$ cat coords04.tsv   # TSV, C-alpha atoms and all ligand atoms
chain	number	residue	atom	x	y	z
A	15	MET	CA	0.00	0.00	0.00
A	16	ALA	CA	1.46	3.40	-0.98
A	17	THR	CA	2.23	5.81	1.86
A	18	SER	CA	0.41	9.09	1.36
A	19	ALA	CA	1.92	12.53	1.99
A	20	THR	CA	-0.55	12.90	4.89
A	21	GLN	CA	0.78	9.71	6.47
A	22	CYS	CA	4.39	10.98	6.09
A	23	LEU	CA	3.44	14.15	7.95
A	24	TYR	CA	2.08	12.22	10.96
A	25	GLU	CA	5.13	9.93	10.91
A	26	THR	CA	7.31	13.00	11.52
A	27	PHE	CA	4.80	14.75	13.81
A	28	PRO	CA	2.77	12.09	15.68
A	29	PHE	CA	-0.47	13.71	16.86
A	30	PRO	CA	-1.42	14.97	19.40
A	31	THR	CA	1.89	14.46	21.21
A	32	PRO	CA	5.03	12.32	21.07
A	33	GLY	CA	5.06	12.46	24.89
A	34	VAL	CA	4.24	9.09	26.48
A	35	ASP	CA	4.60	10.91	29.80
A	36	ARG	CA	1.94	13.50	28.90
A	37	PRO	CA	-1.51	13.24	30.52
A	38	LEU	CA	-4.29	11.26	28.85
A	39	ILE	CA	-7.07	13.29	27.25
A	40	ASP	CA	-9.83	12.21	29.63
A	41	VAL	CA	-12.39	14.79	28.58
A	42	VAL	CA	-13.89	12.55	25.87
A	43	ALA	CA	-14.37	9.67	28.32
A	44	ASP	CA	-15.86	12.07	30.88
A	45	GLU	CA	-18.33	13.60	28.42
A	46	ILE	CA	-19.34	10.68	26.17
A	47	PRO	CA	-22.44	10.02	28.38
A	48	LEU	CA	-23.77	13.36	27.08
A	49	VAL	CA	-24.00	11.63	23.68
A	50	ILE	CA	-24.51	7.91	24.44
A	51	GLU	CA	-26.84	7.26	27.39
A	52	GLY	CA	-24.64	5.80	30.14
A	53	GLY	CA	-21.59	5.77	27.80
A	54	PRO	CA	-20.36	2.70	25.84
A	55	ALA	CA	-22.03	-0.43	27.30
A	56	ASP	CA	-20.14	-3.38	28.80
A	57	GLY	CA	-19.18	-5.83	26.07
A	58	TRP	CA	-19.19	-3.27	23.27
A	59	SER	CA	-16.50	-3.27	20.66
A	60	VAL	CA	-15.27	0.25	19.82
A	61	LEU	CA	-13.03	1.51	16.99
A	62	ASP	CA	-10.99	4.74	17.05
A	63	ALA	CA	-10.32	5.33	13.34
A	64	GLY	CA	-7.07	7.34	13.11
A	65	CYS	CA	-6.24	7.14	16.83
A	66	GLY	CA	-2.91	8.99	16.56
A	67	THR	CA	-0.78	8.59	19.69
A	68	GLY	CA	-3.79	7.26	21.59
A	69	HIS	CA	-4.11	9.89	24.31
A	70	THR	CA	-7.89	9.93	23.87
A	71	LEU	CA	-8.20	6.19	23.12
A	72	VAL	CA	-6.27	5.06	26.21
A	73	GLY	CA	-8.28	7.54	28.33
A	74	LEU	CA	-11.52	5.93	27.10
A	75	ALA	CA	-10.18	2.39	27.52
A	76	ARG	CA	-9.18	3.17	31.10
A	77	ALA	CA	-12.61	4.67	31.85
A	78	TYR	CA	-14.53	1.73	30.28
A	79	PRO	CA	-12.58	-1.41	31.27
A	80	ARG	CA	-15.38	-3.82	30.12
A	81	VAL	CA	-15.43	-2.38	26.61
A	82	HIS	CA	-12.92	-3.54	24.00
A	83	PHE	CA	-11.17	-0.78	22.05
A	84	THR	CA	-9.28	-0.96	18.76
A	85	GLY	CA	-7.16	1.91	17.48
A	86	LEU	CA	-6.54	1.99	13.72
A	87	GLU	CA	-3.56	4.14	12.76
A	88	PRO	CA	-1.26	4.24	9.70
A	89	SER	CA	1.65	6.09	11.37
A	90	ALA	CA	4.14	3.61	12.90
A	91	ALA	CA	5.52	6.35	15.17
A	92	ALA	CA	2.01	7.12	16.51
A	93	ARG	CA	1.16	3.41	16.94
A	94	ASP	CA	4.35	2.85	18.93
A	95	ILE	CA	3.51	5.74	21.28
A	96	ALA	CA	-0.10	4.53	21.68
A	97	ARG	CA	1.05	1.02	22.65
A	98	ARG	CA	3.57	2.41	25.15
A	99	LEU	CA	0.91	4.72	26.55
A	100	ALA	CA	-1.50	1.80	27.11
A	101	ARG	CA	1.24	-0.16	28.93
A	102	ARG	CA	2.20	2.84	31.03
A	103	HIS	CA	-1.40	3.19	32.24
A	104	GLY	CA	-1.92	-0.56	32.72
A	105	VAL	CA	-4.69	-0.60	30.11
A	106	THR	CA	-5.18	-4.05	28.53
A	107	ASN	CA	-8.56	-3.70	26.76
A	108	VAL	CA	-7.07	-1.95	23.71
A	109	ASP	CA	-5.42	-3.15	20.49
A	110	ILE	CA	-3.54	-0.84	18.17
A	111	VAL	CA	-3.55	-1.95	14.53
A	112	ASP	CA	-1.92	-0.73	11.34
A	113	GLY	CA	-4.16	0.46	8.52
A	114	ALA	CA	-5.45	3.44	6.57
A	115	LEU	CA	-8.95	4.34	5.40
A	116	PRO	CA	-10.46	3.51	3.00
A	117	ASP	CA	-8.71	0.17	2.42
A	118	ALA	CA	-7.53	-1.09	5.80
A	119	ALA	CA	-7.96	-4.86	6.18
A	120	LEU	CA	-10.05	-5.37	9.33
A	121	ASP	CA	-12.63	-8.17	9.33
A	122	ARG	CA	-14.67	-7.00	12.33
A	123	ARG	CA	-17.66	-4.76	12.94
A	124	PHE	CA	-18.01	-2.34	15.82
A	125	ASP	CA	-20.85	-1.10	18.06
A	126	PHE	CA	-19.32	2.36	18.20
A	127	ILE	CA	-16.82	3.97	15.83
A	128	TYR	CA	-15.38	7.39	16.47
A	129	SER	CA	-13.01	9.29	14.23
A	130	TYR	CA	-11.79	12.66	15.42
A	131	GLY	CA	-9.83	14.94	13.11
A	132	VAL	CA	-9.25	12.33	10.40
A	133	ILE	CA	-11.99	12.21	7.73
A	134	HIS	CA	-11.24	15.78	6.58
A	135	HIS	CA	-7.66	14.72	5.71
A	136	LEU	CA	-8.72	11.94	3.33
A	137	PRO	CA	-8.54	12.65	-0.41
A	138	ASP	CA	-12.01	11.06	-0.67
A	139	PRO	CA	-13.91	11.54	2.62
A	140	HIS	CA	-16.97	9.66	1.31
A	141	ALA	CA	-14.84	6.56	0.60
A	142	GLY	CA	-13.43	6.70	4.14
A	143	LEU	CA	-16.93	7.03	5.60
A	144	ALA	CA	-18.18	4.15	3.45
A	145	TRP	CA	-15.40	1.97	4.93
A	146	LEU	CA	-16.49	3.02	8.43
A	147	GLY	CA	-20.10	2.15	7.47
A	148	GLU	CA	-19.02	-1.34	6.34
A	149	HIS	CA	-17.40	-1.87	9.75
A	150	LEU	CA	-20.36	-0.58	11.77
A	151	ALA	CA	-22.68	-3.10	13.48
A	152	ASP	CA	-26.38	-3.19	12.52
A	153	ASP	CA	-27.26	-0.95	15.48
A	154	GLY	CA	-23.94	0.89	15.50
A	155	LEU	CA	-23.06	4.53	16.19
A	156	LEU	CA	-20.55	6.72	14.36
A	157	HIS	CA	-19.12	9.88	15.98
A	158	LEU	CA	-17.13	12.39	13.89
A	159	TRP	CA	-15.11	15.53	14.63
A	160	LEU	CA	-14.53	17.68	11.55
A	161	TYR	CA	-13.06	21.06	10.63
A	162	HIS	CA	-15.66	23.71	10.01
A	163	ALA	CA	-15.52	25.78	6.82
A	164	ILE	CA	-16.57	29.11	8.34
A	165	GLY	CA	-14.21	29.41	11.32
A	166	GLU	CA	-11.27	27.82	9.51
A	167	ALA	CA	-11.32	30.17	6.50
A	168	GLN	CA	-8.32	32.28	7.61
A	169	ARG	CA	-6.27	29.24	8.65
A	170	MET	CA	-6.94	27.68	5.24
A	171	ARG	CA	-5.53	30.83	3.58
A	172	ASP	CA	-2.48	30.74	5.90
A	173	ARG	CA	-1.99	27.05	5.10
A	174	GLU	CA	-2.20	27.77	1.38
A	175	LEU	CA	0.54	30.42	1.71
A	176	VAL	CA	2.78	28.09	3.75
A	177	ARG	CA	2.40	25.33	1.17
A	178	LEU	CA	3.05	27.75	-1.69
A	179	LEU	CA	6.27	29.10	-0.16
A	180	GLY	CA	7.46	25.65	0.95
A	181	ALA	CA	6.51	23.84	-2.24
A	182	HIS	CA	10.07	22.80	-3.10
A	183	GLU	CA	11.02	21.22	0.20
A	184	ASP	CA	11.49	17.45	0.27
A	185	ALA	CA	10.38	16.76	3.83
A	186	PRO	CA	7.76	18.48	5.97
A	187	GLY	CA	9.40	21.25	8.02
A	188	LEU	CA	8.18	24.24	9.98
A	189	ASP	CA	10.67	26.87	8.67
A	190	VAL	CA	8.07	28.71	6.58
A	191	VAL	CA	5.46	28.51	9.37
A	192	ARG	CA	7.92	30.04	11.84
A	193	ALA	CA	9.19	32.67	9.37
A	194	LEU	CA	5.60	33.80	8.78
A	195	GLY	CA	5.04	34.05	12.53
A	196	LEU	CA	2.20	31.52	12.46
A	197	SER	CA	1.35	29.41	15.48
A	198	LEU	CA	-1.88	27.59	16.19
A	199	SER	CA	-3.59	28.48	19.45
A	200	LEU	CA	-5.83	25.87	21.05
A	201	ASP	CA	-8.08	28.78	22.04
A	202	ALA	CA	-9.34	28.55	18.44
A	203	TYR	CA	-10.98	25.21	19.32
A	204	GLY	CA	-12.52	26.19	22.63
A	205	MET	CA	-9.66	24.69	24.65
A	206	PRO	CA	-8.35	27.87	26.23
A	207	GLY	CA	-4.60	27.89	26.73
A	208	ALA	CA	-4.40	24.26	27.75
A	209	TRP	CA	-4.35	20.73	26.47
A	210	ALA	CA	-5.32	17.90	28.79
A	211	GLY	CA	-5.06	20.39	31.64
A	212	THR	CA	-1.51	21.47	30.79
A	213	ALA	CA	0.01	24.02	28.39
A	214	LEU	CA	1.56	22.68	25.19
A	215	ASP	CA	5.30	22.15	25.34
A	216	GLN	CA	7.43	23.09	22.29
A	217	ARG	CA	7.35	19.59	20.77
A	218	GLU	CA	3.56	19.61	20.98
A	219	GLN	CA	3.31	23.12	19.56
A	220	ASP	CA	5.35	21.86	16.58
A	221	VAL	CA	2.95	18.93	16.14
A	222	PHE	CA	-0.09	21.22	16.28
A	223	ASP	CA	1.50	23.69	13.84
A	224	ALA	CA	2.44	20.90	11.41
A	225	ASP	CA	-1.11	19.54	11.63
A	226	ALA	CA	-2.52	23.04	11.07
A	227	TYR	CA	-0.29	24.39	8.30
A	228	LEU	CA	1.55	21.53	6.55
A	229	ASN	CA	-1.29	19.08	5.93
A	230	PRO	CA	-1.39	18.13	2.25
A	231	VAL	CA	-5.14	17.38	2.31
A	232	VAL	CA	-7.75	19.37	4.24
A	233	HIS	CA	-11.48	19.58	3.55
A	234	THR	CA	-13.48	22.02	5.63
A	235	LEU	CA	-17.16	21.27	5.96
A	236	ARG	CA	-20.54	22.31	7.37
A	237	PHE	CA	-23.41	20.28	8.82
A	238	ALA	CA	-25.20	20.65	5.49
A	239	ASP	CA	-22.45	18.56	3.82
A	240	LEU	CA	-23.11	15.54	6.01
A	241	PRO	CA	-26.23	14.04	4.36
A	242	ARG	CA	-24.29	13.83	1.08
A	243	LEU	CA	-21.08	12.51	2.67
A	244	LEU	CA	-22.94	9.90	4.71
A	245	ASP	CA	-25.35	8.93	1.94
A	246	GLY	CA	-25.79	5.14	2.08
A	247	VAL	CA	-23.53	4.90	5.17
A	248	THR	CA	-25.95	5.44	8.07
A	249	ASP	CA	-29.75	5.82	8.45
A	250	TRP	CA	-29.69	9.06	10.41
A	251	ILE	CA	-27.42	11.97	11.37
A	252	ALA	CA	-27.65	14.24	14.40
A	253	ALA	CA	-25.81	17.45	15.28
A	254	ASP	CA	-23.80	17.21	18.50
A	255	ARG	CA	-21.37	20.03	19.25
A	256	LEU	CA	-19.52	23.11	18.00
A	257	TYR	CA	-15.95	24.14	18.74
A	258	GLY	CA	-14.62	27.66	18.39
A	259	PRO	CA	-12.92	30.65	19.97
A	260	HIS	CA	-16.04	31.27	22.10
A	261	GLY	CA	-16.05	27.79	23.61
A	262	ALA	CA	-17.38	24.35	22.75
A	263	PRO	CA	-21.16	24.31	23.34
A	264	TYR	CA	-23.32	21.22	23.00
A	265	LEU	CA	-26.17	21.82	20.58
A	266	ASP	CA	-29.79	21.45	21.63
A	267	LEU	CA	-31.99	22.07	18.59
A	268	SER	CA	-35.25	20.91	20.24
A	269	GLY	CA	-34.85	22.34	23.72
A	270	THR	CA	-34.59	18.92	25.37
A	271	GLY	CA	-31.93	20.16	27.81
A	272	GLY	CA	-30.41	17.24	29.64
A	273	LEU	CA	-26.96	18.53	30.60
A	274	PRO	CA	-25.85	18.55	34.24
A	275	PRO	CA	-26.50	22.01	35.81
A	276	HIS	CA	-22.81	22.88	36.21
A	277	GLY	CA	-21.65	20.90	33.19
A	278	PRO	CA	-20.64	22.09	29.73
A	279	GLU	CA	-22.44	24.87	27.91
A	280	LEU	CA	-25.65	24.12	25.98
A	281	LEU	CA	-26.59	26.17	22.91
A	282	ARG	CA	-30.16	26.48	21.62
A	283	PRO	CA	-30.58	28.36	18.33
A	284	GLU	CA	-32.95	30.89	19.91
A	285	ASP	CA	-30.19	31.76	22.43
A	286	LEU	CA	-28.40	33.50	19.57
A	287	PHE	CA	-30.76	36.47	19.59
A	288	ASP	CA	-32.35	38.74	22.19
A	289	ASP	CA	-34.82	40.16	19.67
A	290	PRO	CA	-38.15	38.24	19.98
A	291	GLY	CA	-38.81	38.58	16.22
A	292	LEU	CA	-35.46	36.97	15.36
A	293	ARG	CA	-36.11	34.23	17.90
A	294	ARG	CA	-39.45	33.48	16.23
A	295	ARG	CA	-37.84	33.46	12.79
A	296	ILE	CA	-35.10	31.01	13.75
A	297	ASP	CA	-37.67	28.85	15.52
A	298	ALA	CA	-39.63	28.51	12.26
A	299	LEU	CA	-36.66	26.97	10.38
A	300	ASP	CA	-35.97	23.25	9.99
A	301	HIS	CA	-32.97	21.80	11.85
A	302	LEU	CA	-30.53	22.11	8.97
A	303	ASP	CA	-31.38	25.80	8.48
A	304	ARG	CA	-31.36	26.46	12.23
A	305	LEU	CA	-27.88	24.97	12.26
A	306	ARG	CA	-26.92	27.13	9.30
A	307	ALA	CA	-27.92	30.23	11.25
A	308	VAL	CA	-25.98	28.99	14.30
A	309	GLU	CA	-22.91	28.32	12.15
A	310	LEU	CA	-23.10	31.78	10.54
A	311	VAL	CA	-23.33	33.51	13.92
A	312	GLN	CA	-20.86	31.32	15.88
A	313	ARG	CA	-18.25	30.82	13.12
A	314	PRO	CA	-17.02	27.51	14.56
A	315	THR	CA	-13.63	26.03	13.70
A	316	GLY	CA	-14.76	22.46	14.36
A	317	PHE	CA	-17.97	20.48	14.80
A	318	ARG	CA	-19.10	17.07	15.89
A	319	ALA	CA	-21.92	14.91	14.62
A	320	LEU	CA	-23.31	11.51	15.51
A	321	ALA	CA	-24.73	9.15	12.90
A	322	GLY	CA	-26.21	5.71	13.24
A	323	ARG	CA	-28.13	2.71	12.06
A	324	GLY	CA	-31.25	0.90	13.12
A	325	ALA	CA	-32.11	1.02	16.78
A	326	ALA	CA	-28.92	2.89	17.66
A	327	LEU	CA	-30.80	6.14	18.26
A	328	HIS	CA	-32.36	4.55	21.37
A	329	ARG	CA	-28.87	4.28	22.83
A	330	CYS	CA	-28.38	8.04	22.62
A	331	THR	CA	-29.34	10.86	24.95
A	332	ARG	CA	-32.62	12.77	24.41
A	333	ARG	CA	-30.61	15.79	23.26
A	334	ILE	CA	-29.15	13.77	20.36
A	335	ALA	CA	-32.59	12.41	19.41
A	336	GLY	CA	-33.79	16.04	19.30
A	337	ASN	CA	-30.94	17.06	16.96
A	338	LEU	CA	-31.70	14.87	13.92
A	339	LEU	CA	-31.02	16.44	10.54
A	340	PRO	CA	-33.84	16.38	8.00
A	341	GLY	CA	-33.40	14.08	5.03
A	342	ALA	CA	-31.22	11.75	7.04
A	343	ALA	CA	-33.62	10.84	9.84
A	344	PRO	CA	-35.04	7.37	10.54
A	345	GLY	CA	-37.99	6.79	8.24
A	346	ALA	CA	-37.16	9.83	6.03
B	1	LIG	C1	-5.19	15.16	13.50
B	1	LIG	S1	-4.67	13.53	13.85
B	1	LIG	C2	-5.96	13.01	14.98
B	1	LIG	C3	-5.51	11.93	15.94
B	1	LIG	C4	-6.55	11.51	16.97
B	1	LIG	N1	-7.78	11.06	16.32
B	1	LIG	C5	-6.85	12.63	17.91
B	1	LIG	O1	-7.95	13.22	17.83
B	1	LIG	O2	-5.99	12.95	18.75
B	1	LIG	C6	-5.05	12.62	12.38
B	1	LIG	C7	-4.65	11.16	12.49
B	1	LIG	O3	-5.21	10.44	11.36
B	1	LIG	C8	-4.23	9.55	10.87
B	1	LIG	N2	-4.51	9.27	9.46
B	1	LIG	C9	-4.06	9.91	8.35
B	1	LIG	N3	-4.54	9.34	7.23
B	1	LIG	C10	-5.32	8.32	7.65
B	1	LIG	C11	-6.10	7.34	6.97
B	1	LIG	N4	-6.15	7.31	5.64
B	1	LIG	N5	-6.77	6.43	7.71
B	1	LIG	C12	-6.72	6.44	9.06
B	1	LIG	N6	-6.00	7.36	9.75
B	1	LIG	C13	-5.32	8.27	9.07
B	1	LIG	C14	-2.93	10.28	11.07
B	1	LIG	O4	-1.80	9.41	11.02
B	1	LIG	C15	-3.16	10.95	12.41
B	1	LIG	O5	-2.72	10.14	13.48

$ encode --input "coords04.tsv" --output "structure tokens" --more "lines below"
Ligand SMILES: C[S@@+](CC[C@H](N)C(=O)[O-])C[C@H]1O[C@@H](n2cnc3c(N)ncnc32)[C@H](O)[C@@H]1O
Amino acid sequence: MATSATQCLYETFPFPTPGVDRPLIDVVADEIPLVIEGGPADGWSVLDAGCGTGHTLVGLARAYPRVHFTGLEPSAAARDIARRLARRHGVTNVDIVDGALPDAALDRRFDFIYSYGVIHHLPDPHAGLAWLGEHLADDGLLHLWLYHAIGEAQRMRDRELVRLLGAHEDAPGLDVVRALGLSLSLDAYGMPGAWAGTALDQREQDVFDADAYLNPVVHTLRFADLPRLLDGVTDWIAADRLYGPHGAPYLDLSGTGGLPPHGPELLRPEDLFDDPGLRRRIDALDHLDRLRAVELVQRPTGFRALAGRGAALHRCTRRIAGNLLPGAAPGA
């Protein structure tokens, strides 16, 4: 199998950190019950597609010891760190396997597949999603984190300039990024000044800057792109969360509530406006257009969606069931 330029980048800059001694990213494990009722159930089989160095994967595996986790990752450097990380934390319910979407050889299906920050780097995102669909159980759930087209517009222009000025270099390097004075701040993704509770060290800043400015393939998307990208892959799609310089609110398109009182922020479309006329107008829109208005006001840099098959919606929280996108809902 040919190694893509994207895979070479992550070989040099394993994401999110080459540090086996760095803390796990526990926030996903802590907050997954806001998406899946009760979190992944005992006995489930879960796939992290493009797990990188495994700081999220090992955090989840530690939090859900009766669930079996598989991390799929084409970068040997990242796989090595993920395996060492699992050993360091005494986590045994996780396998790390070599492979790249959309043609990895894996003859298993999974109850829950998540893929964070990966699909938008594939030359053909639909093909990658179709592979994920083939490996999803009949009642499986698919959770995606994607770059958003509105909030990432300036970074895409900066990336274009970096790639233009560095076009003749043989190996990925950060000279042009540094000379232009560019540096990615995690504030842009609603993670103010900290990663896993600690500031980035220089090696990690390099990894984040390489990911941000040197990536050969980046698609930025909106919620409205999902029904087309997931056509034939899942039965339904629901909006979950936005990420941006103003924070990372969970979306609640139907006013179902359901977040703990002192937990993360919840955003209802009508919260965008004080004016009662504007609140009525946004209320009259369907979910895709309500989301469009939210996206235009909030200008997110990233977003998360959940998609699924069959009875999988019953495994989700009421908030998710209230966030279904039209045209991709059960029975549509
Ligand atoms: C931005 S990193 C995200 C890592 C991890 N999901 C996280 O959120 O920390 C993207 C990861 O996708 C991996 N990747 C690149 N191309 C891939 C492909 N075709 N299939 C699966 N993973 C891929 C990269 O090696 C890298 O580890």

$ closest_residue --input "coords04.tsv" --among "A:Cys330, A:Ala77, A:Leu23, A:Leu302" --to "Pro241 (chain A)" --atoms "all atoms listed in the file"
A:Leu302

$ residues_around --input "coords04.tsv" --residues "region 171-177 of chain A" --least-positions-apart "2" --cutoff "8 Å" --atoms "all atoms listed in the file" --output "PDB file with C-alpha atoms, keeping the file's coordinate frame"
ATOM      1  CA  ALA A 167     -11.320  30.170   6.500  1.00  0.00           C
ATOM      2  CA  GLN A 168      -8.320  32.280   7.610  1.00  0.00           C
ATOM      3  CA  ARG A 169      -6.270  29.240   8.650  1.00  0.00           C
ATOM      4  CA  LEU A 179       6.270  29.100  -0.160  1.00  0.00           C
ATOM      5  CA  GLY A 180       7.460  25.650   0.950  1.00  0.00           C
ATOM      6  CA  ALA A 181       6.510  23.840  -2.240  1.00  0.00           C
ATOM      7  CA  VAL A 190       8.070  28.710   6.580  1.00  0.00           C
ATOM      8  CA  VAL A 191       5.460  28.510   9.370  1.00  0.00           C
ATOM      9  CA  ALA A 226      -2.520  23.040  11.070  1.00  0.00           C
ATOM     10  CA  TYR A 227      -0.290  24.390   8.300  1.00  0.00           C
ATOM     11  CA  LEU A 228       1.550  21.530   6.550  1.00  0.00           C
TER      12      LEU A 228
END

$ atom_distance --input "coords04.tsv" --atom1 "CA of Thr26 (chain A)" --atom2 "CA of Gly187 (chain A)"
9.2 Å

$ atom_distance --input "coords04.tsv" --atom1 "CA of Glu309 (chain A)" --atom2 "atom C1 of ligand LIG 1 (chain B)"
22.1 Å

$ closest_residue --input "coords04.tsv" --among "A:Leu292, A:Leu61, A:Leu338, A:Ala19" --to "Leu120 (chain A)" --atoms "only C-alpha atoms"
A:Leu61

$ atom_distance --input "coords04.tsv" --atom1 "CA of Asn229 (chain A)" --atom2 "CA of Gln216 (chain A)"
19.0 Å

$ closest_atom_pairs --input "coords04.tsv" --of "chain A" --to "ligand LIG 1 (chain B)" --cutoff "6 Å" --atoms "only C-alpha atoms and all ligand atoms" --output "tab-separated table"
residue	atom	partner	partner_atom	distance
A:Thr20	CA	B:LIG1	C9	5.8
A:Gln21	CA	B:LIG1	C9	5.2
A:Tyr24	CA	B:LIG1	O4	4.8
A:Phe29	CA	B:LIG1	S1	5.2
A:Pro30	CA	B:LIG1	O2	5.0
A:Ala63	CA	B:LIG1	C12	5.7
A:Gly64	CA	B:LIG1	N6	3.5
A:Cys65	CA	B:LIG1	N1	4.2
A:Gly66	CA	B:LIG1	O5	3.3
A:Glu87	CA	B:LIG1	N6	5.0
A:Pro88	CA	B:LIG1	O4	5.4
A:Ser89	CA	B:LIG1	O4	4.8
A:Ala114	CA	B:LIG1	N5	3.5
A:Leu115	CA	B:LIG1	N5	3.8
A:Ser129	CA	B:LIG1	N1	5.9
A:Tyr130	CA	B:LIG1	N1	4.4
A:Gly131	CA	B:LIG1	C1	4.7
A:Val132	CA	B:LIG1	O3	4.6
A:Leu136	CA	B:LIG1	N4	5.8

$ residues_around --input "coords04.tsv" --residues "Val247 (chain A)" --least-positions-apart "3" --cutoff "9 Å" --atoms "all atoms listed in the file" --output "ChimeraX atom specification"
/A:140,143-148,243-244,321-323

$ closest_atom_pairs --input "coords04.tsv" --of "region 198-310 of chain A" --to "region 157-162 of chain A" --cutoff "8 Å" --atoms "all atoms listed in the file" --output "Markdown table"
| residue | atom | partner | partner_atom | distance |
| --- | --- | --- | --- | --- |
| A:His233 | CA | A:Tyr161 | CA | 7.4 |
| A:Thr234 | CA | A:Tyr161 | CA | 5.1 |
| A:Leu235 | CA | A:His162 | CA | 5.0 |
| A:Arg236 | CA | A:His162 | CA | 5.7 |

$ decode --input "coords04.tsv" --residues "region 69-81 of chain A" --atoms "N, CA and C atoms" --output "PDB file, in the first residue's frame"
ATOM      1  N   HIS A  69      -3.862   9.246  23.022  1.00  0.00           N
ATOM      2  CA  HIS A  69      -4.107   9.893  24.312  1.00  0.00           C
ATOM      3  C   HIS A  69      -5.604   9.954  24.660  1.00  0.00           C
ATOM      4  N   THR A  70      -6.451  10.013  23.626  1.00  0.00           N
ATOM      5  CA  THR A  70      -7.893   9.935  23.872  1.00  0.00           C
ATOM      6  C   THR A  70      -8.316   8.470  24.024  1.00  0.00           C
ATOM      7  N   LEU A  71      -7.822   7.617  23.134  1.00  0.00           N
ATOM      8  CA  LEU A  71      -8.195   6.194  23.124  1.00  0.00           C
ATOM      9  C   LEU A  71      -7.880   5.520  24.463  1.00  0.00           C
ATOM     10  N   VAL A  72      -6.669   5.723  24.959  1.00  0.00           N
ATOM     11  CA  VAL A  72      -6.273   5.063  26.215  1.00  0.00           C
ATOM     12  C   VAL A  72      -7.088   5.649  27.379  1.00  0.00           C
ATOM     13  N   GLY A  73      -7.416   6.936  27.306  1.00  0.00           N
ATOM     14  CA  GLY A  73      -8.282   7.539  28.331  1.00  0.00           C
ATOM     15  C   GLY A  73      -9.646   6.864  28.361  1.00  0.00           C
ATOM     16  N   LEU A  74     -10.212   6.604  27.182  1.00  0.00           N
ATOM     17  CA  LEU A  74     -11.517   5.929  27.100  1.00  0.00           C
ATOM     18  C   LEU A  74     -11.408   4.482  27.587  1.00  0.00           C
ATOM     19  N   ALA A  75     -10.342   3.796  27.151  1.00  0.00           N
ATOM     20  CA  ALA A  75     -10.181   2.385  27.524  1.00  0.00           C
ATOM     21  C   ALA A  75     -10.021   2.249  29.035  1.00  0.00           C
ATOM     22  N   ARG A  76      -9.355   3.206  29.635  1.00  0.00           N
ATOM     23  CA  ARG A  76      -9.184   3.169  31.101  1.00  0.00           C
ATOM     24  C   ARG A  76     -10.524   3.416  31.803  1.00  0.00           C
ATOM     25  N   ALA A  77     -11.326   4.331  31.218  1.00  0.00           N
ATOM     26  CA  ALA A  77     -12.607   4.674  31.848  1.00  0.00           C
ATOM     27  C   ALA A  77     -13.654   3.579  31.664  1.00  0.00           C
ATOM     28  N   TYR A  78     -13.532   2.774  30.577  1.00  0.00           N
ATOM     29  CA  TYR A  78     -14.532   1.730  30.280  1.00  0.00           C
ATOM     30  C   TYR A  78     -13.823   0.382  30.160  1.00  0.00           C
ATOM     31  N   PRO A  79     -13.412  -0.198  31.307  1.00  0.00           N
ATOM     32  CA  PRO A  79     -12.576  -1.410  31.265  1.00  0.00           C
ATOM     33  C   PRO A  79     -13.296  -2.631  30.708  1.00  0.00           C
ATOM     34  N   ARG A  80     -14.653  -2.637  30.649  1.00  0.00           N
ATOM     35  CA  ARG A  80     -15.375  -3.817  30.122  1.00  0.00           C
ATOM     36  C   ARG A  80     -15.769  -3.638  28.664  1.00  0.00           C
ATOM     37  N   VAL A  81     -15.202  -2.624  28.036  1.00  0.00           N
ATOM     38  CA  VAL A  81     -15.426  -2.382  26.609  1.00  0.00           C
ATOM     39  C   VAL A  81     -14.108  -2.685  25.903  1.00  0.00           C
TER      40      VAL A  81
END
